[in-house]
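Here the structure is laid out as structure tokens; the discussion comes afterwards.
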Amino acid sequence: MKKILLGSKKSGWAVDDENKEIIIYHPQSFVDKMQKKINNTQVKFEDIEYIKVGWNNVPLAAGQNQHFVIFVIELKNKEKIQFDGTSNNITRDIFKEAMIVLKKNSIVFKDEYHIIDDIINTENLIWNILDNAELKRRNK
């Protein structure tokens with residue numbers, strides 16, 4: 001039973017296995033920083049219908065685009081919450097550990113390109129997995 005922090009409490013997210021929830025930390029305003037206030041959204045596992053897995057493309061000046069995992073949580077009340085699942089400061093091992101905790105807690109992923117399974121079951125870099133998913137989507 002533990003809490004896995006992905007990123008930081010300034011802009012990241014966490015999986016709390018003890019309290020059975022996902023915590024999404026929102027970027028802070030200057031006033032919030034001065035008051036040492038942390039803005040977050042807490043989503044109980046039991047309220048989640050599913051998590052849709054997607055990605056974005058970030059063009060680079062030189063070389064290939066970078067890709068980052070994007071999650072859209074659909075709650076049982078049909079509300080949707082979108083957030084970045086990965087960024088440059090989230091390691092593959094921590095991300096993989098968080099995905100395993102979510103799967104063990106029966107969270108359903110809508111993952112057309114099997115991104116989460118590839119991250120858990122292979123040693124491929126996340127960016128390569130997402131790049132391959134992008135190529136598959138384009139060839140559909």
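Here's how to read the names in the structure tokens: chain A, B, ... by the order shown, residue numbers from 1 in each chain, ligand numbers from 1 in the order shown.
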
For Asn19 (chain A), please output as a PyMOL selection string all residues within 10 Å (counting only C-alpha atoms; exclusion window: fewer than 2 positions along the same chain). chain A and resi 1-3+15-17+21-22+44-45

Extract the full set of strand (DSSP E) residues from chain A according to DSSP on the backbone, and format it as a ChimeraX atom specification. /A:3-6,12-16,21-25,40-44,48-58,66-75,80-84,109-110

Prev. selection, C-alpha atoms, output as a PDB file, in the first residue's frame:
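And here's selection14.pdb as it stands now:
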```pdb
ATOM      1  CA  LYS A   3       1.282   6.435  -2.957  1.00  0.00           C
ATOM      2  CA  ILE A   4       3.112   6.776  -6.273  1.00  0.00           C
ATOM      3  CA  LEU A   5       3.816  10.362  -7.335  1.00  0.00           C
ATOM      4  CA  LEU A   6       4.278  10.951 -11.060  1.00  0.00           C
ATOM      5  CA  GLY A  12       1.672  15.908 -11.938  1.00  0.00           C
ATOM      6  CA  TRP A  13      -0.490  13.146 -10.587  1.00  0.00           C
ATOM      7  CA  ALA A  14      -0.439  10.333  -8.065  1.00  0.00           C
ATOM      8  CA  VAL A  15      -1.911   6.900  -7.527  1.00  0.00           C
ATOM      9  CA  ASP A  16      -2.801   6.304  -3.894  1.00  0.00           C
ATOM     10  CA  GLU A  21      -7.746   7.169  -5.582  1.00  0.00           C
ATOM     11  CA  ILE A  22      -5.997   9.101  -8.316  1.00  0.00           C
ATOM     12  CA  ILE A  23      -4.876  12.604  -7.358  1.00  0.00           C
ATOM     13  CA  ILE A  24      -4.341  15.096 -10.188  1.00  0.00           C
ATOM     14  CA  TYR A  25      -2.267  18.143  -9.242  1.00  0.00           C
ATOM     15  CA  ASN A  40      -5.768  19.005  -6.863  1.00  0.00           C
ATOM     16  CA  THR A  41      -8.610  16.781  -7.976  1.00  0.00           C
ATOM     17  CA  GLN A  42      -9.119  13.501  -6.148  1.00  0.00           C
ATOM     18  CA  VAL A  43     -10.879  10.698  -8.016  1.00  0.00           C
ATOM     19  CA  LYS A  44     -11.876   7.565  -6.138  1.00  0.00           C
ATOM     20  CA  ILE A  48     -14.121   5.541 -12.440  1.00  0.00           C
ATOM     21  CA  GLU A  49     -15.986   3.934 -15.342  1.00  0.00           C
ATOM     22  CA  TYR A  50     -12.801   3.697 -17.444  1.00  0.00           C
ATOM     23  CA  ILE A  51      -9.659   5.553 -18.465  1.00  0.00           C
ATOM     24  CA  LYS A  52      -9.193   6.272 -22.159  1.00  0.00           C
ATOM     25  CA  VAL A  53      -5.556   6.214 -23.265  1.00  0.00           C
ATOM     26  CA  GLY A  54      -4.306   8.590 -25.927  1.00  0.00           C
ATOM     27  CA  TRP A  55      -1.284  10.731 -26.689  1.00  0.00           C
ATOM     28  CA  ASN A  56      -0.244  14.066 -28.048  1.00  0.00           C
ATOM     29  CA  ASN A  57       2.452  15.097 -30.509  1.00  0.00           C
ATOM     30  CA  VAL A  58       4.952  17.740 -29.541  1.00  0.00           C
ATOM     31  CA  GLN A  66       7.931  13.721 -28.959  1.00  0.00           C
ATOM     32  CA  HIS A  67       4.819  11.951 -27.715  1.00  0.00           C
ATOM     33  CA  PHE A  68       3.280  11.981 -24.253  1.00  0.00           C
ATOM     34  CA  VAL A  69       0.496   9.809 -22.810  1.00  0.00           C
ATOM     35  CA  ILE A  70      -2.804  11.611 -22.237  1.00  0.00           C
ATOM     36  CA  PHE A  71      -5.505  10.106 -20.018  1.00  0.00           C
ATOM     37  CA  VAL A  72      -9.207  10.895 -20.066  1.00  0.00           C
ATOM     38  CA  ILE A  73     -11.003   9.512 -17.027  1.00  0.00           C
ATOM     39  CA  GLU A  74     -14.699   8.922 -17.585  1.00  0.00           C
ATOM     40  CA  LEU A  75     -16.520   8.796 -14.293  1.00  0.00           C
ATOM     41  CA  LYS A  80     -14.635  13.519 -17.974  1.00  0.00           C
ATOM     42  CA  ILE A  81     -11.276  14.552 -16.538  1.00  0.00           C
ATOM     43  CA  GLN A  82      -8.258  14.862 -18.856  1.00  0.00           C
ATOM     44  CA  PHE A  83      -4.642  15.052 -17.721  1.00  0.00           C
ATOM     45  CA  ASP A  84      -1.094  14.335 -18.868  1.00  0.00           C
ATOM     46  CA  PHE A 109      -8.401   1.105 -19.746  1.00  0.00           C
ATOM     47  CA  LYS A 110      -9.809   1.867 -23.198  1.00  0.00           C
TER      48      LYS A 110
END
```

Shortest interatomic distance to Leu125 (chain A) - which of A:Lys20, A:Arg137, A:Arg92, A:Lys9, counting only C-alpha atoms: A:Arg92

Got a sec: who's within 10 Å of Asp93 (chain A), counting only C-alpha atoms, leaving out chain neighbours fewer than 5 positions off, as a PDB file with C-alpha atoms, in the first residue's frame?
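Saved result, around.pdb, follows:
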```
ATOM      1  CA  ALA A  98       1.410   3.210 -11.316  1.00  0.00           C
ATOM      2  CA  MET A  99      -0.228   1.339 -14.226  1.00  0.00           C
ATOM      3  CA  ILE A 119       4.688  -0.218 -21.393  1.00  0.00           C
ATOM      4  CA  ILE A 120       4.125  -2.902 -18.750  1.00  0.00           C
ATOM      5  CA  GLU A 123      11.274  -2.645 -22.347  1.00  0.00           C
TER       6      GLU A 123
END
```

Backbone DSSP call of helix (DSSP H, G or I) for chain A, listed as a PyMOL selection string: chain A and resi 30-34+45-47+92-104+115-121+126-139

Restrict the selected residues to C-alpha atoms and save them as a PDB file, in the first residue's frame.
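This went into result-v2.pdb:
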```pdb
ATOM      1  CA  PHE A  30       1.278  32.911  -8.121  1.00  0.00           C
ATOM      2  CA  VAL A  31      -1.171  33.517  -5.237  1.00  0.00           C
ATOM      3  CA  ASP A  32      -1.493  29.768  -4.586  1.00  0.00           C
ATOM      4  CA  LYS A  33       2.297  29.449  -4.478  1.00  0.00           C
ATOM      5  CA  MET A  34       2.571  32.304  -1.985  1.00  0.00           C
ATOM      6  CA  PHE A  45     -11.217   4.310  -8.006  1.00  0.00           C
ATOM      7  CA  GLU A  46     -14.814   3.252  -7.377  1.00  0.00           C
ATOM      8  CA  ASP A  47     -16.088   6.332  -9.263  1.00  0.00           C
ATOM      9  CA  ARG A  92       9.205   4.686 -17.250  1.00  0.00           C
ATOM     10  CA  ASP A  93       9.579   2.569 -14.087  1.00  0.00           C
ATOM     11  CA  ILE A  94       7.404   4.870 -11.974  1.00  0.00           C
ATOM     12  CA  PHE A  95       4.790   5.097 -14.739  1.00  0.00           C
ATOM     13  CA  LYS A  96       4.800   1.299 -15.121  1.00  0.00           C
ATOM     14  CA  GLU A  97       4.421   0.856 -11.353  1.00  0.00           C
ATOM     15  CA  ALA A  98       1.410   3.210 -11.316  1.00  0.00           C
ATOM     16  CA  MET A  99      -0.228   1.339 -14.226  1.00  0.00           C
ATOM     17  CA  ILE A 100       0.204  -1.980 -12.429  1.00  0.00           C
ATOM     18  CA  VAL A 101      -1.452  -0.559  -9.287  1.00  0.00           C
ATOM     19  CA  LEU A 102      -4.399   0.737 -11.345  1.00  0.00           C
ATOM     20  CA  LYS A 103      -4.824  -2.603 -13.133  1.00  0.00           C
ATOM     21  CA  LYS A 104      -4.651  -4.500  -9.809  1.00  0.00           C
ATOM     22  CA  ILE A 115      -0.036   1.333 -25.097  1.00  0.00           C
ATOM     23  CA  ILE A 116      -0.360   0.437 -21.410  1.00  0.00           C
ATOM     24  CA  ASP A 117       0.245  -3.285 -22.034  1.00  0.00           C
ATOM     25  CA  ASP A 118       3.318  -2.456 -24.147  1.00  0.00           C
ATOM     26  CA  ILE A 119       4.688  -0.218 -21.393  1.00  0.00           C
ATOM     27  CA  ILE A 120       4.125  -2.902 -18.750  1.00  0.00           C
ATOM     28  CA  ASN A 121       5.243  -5.932 -20.773  1.00  0.00           C
ATOM     29  CA  ILE A 126       7.467   5.082 -23.976  1.00  0.00           C
ATOM     30  CA  TRP A 127       8.198   7.537 -26.809  1.00  0.00           C
ATOM     31  CA  ASN A 128       8.855   4.640 -29.210  1.00  0.00           C
ATOM     32  CA  ILE A 129       5.637   2.894 -28.147  1.00  0.00           C
ATOM     33  CA  LEU A 130       3.665   6.096 -28.743  1.00  0.00           C
ATOM     34  CA  ASP A 131       5.435   6.761 -32.043  1.00  0.00           C
ATOM     35  CA  ASN A 132       4.450   3.261 -33.232  1.00  0.00           C
ATOM     36  CA  ALA A 133       0.853   3.869 -32.101  1.00  0.00           C
ATOM     37  CA  GLU A 134       0.838   7.133 -34.069  1.00  0.00           C
ATOM     38  CA  LEU A 135       2.084   5.322 -37.181  1.00  0.00           C
ATOM     39  CA  LYS A 136      -0.610   2.637 -36.781  1.00  0.00           C
ATOM     40  CA  ARG A 137      -3.295   5.302 -36.391  1.00  0.00           C
ATOM     41  CA  ARG A 138      -2.142   7.101 -39.529  1.00  0.00           C
ATOM     42  CA  ASN A 139      -2.155   3.858 -41.539  1.00  0.00           C
TER      43      ASN A 139
END
```

To one decimal place, how far is CA of Asn89 (chain A) from CA of Ser8 (chain A) in Å?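 Between these atoms lies a distance of 8.8 Å.
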
Separation of CA of Asn39 (chain A) from CA of Lys10 (chain A), in Å and rounded to one decimal: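 We find that CA of Asn39 (chain A) and CA of Lys10 (chain A) lie 8.1 Å from each other.
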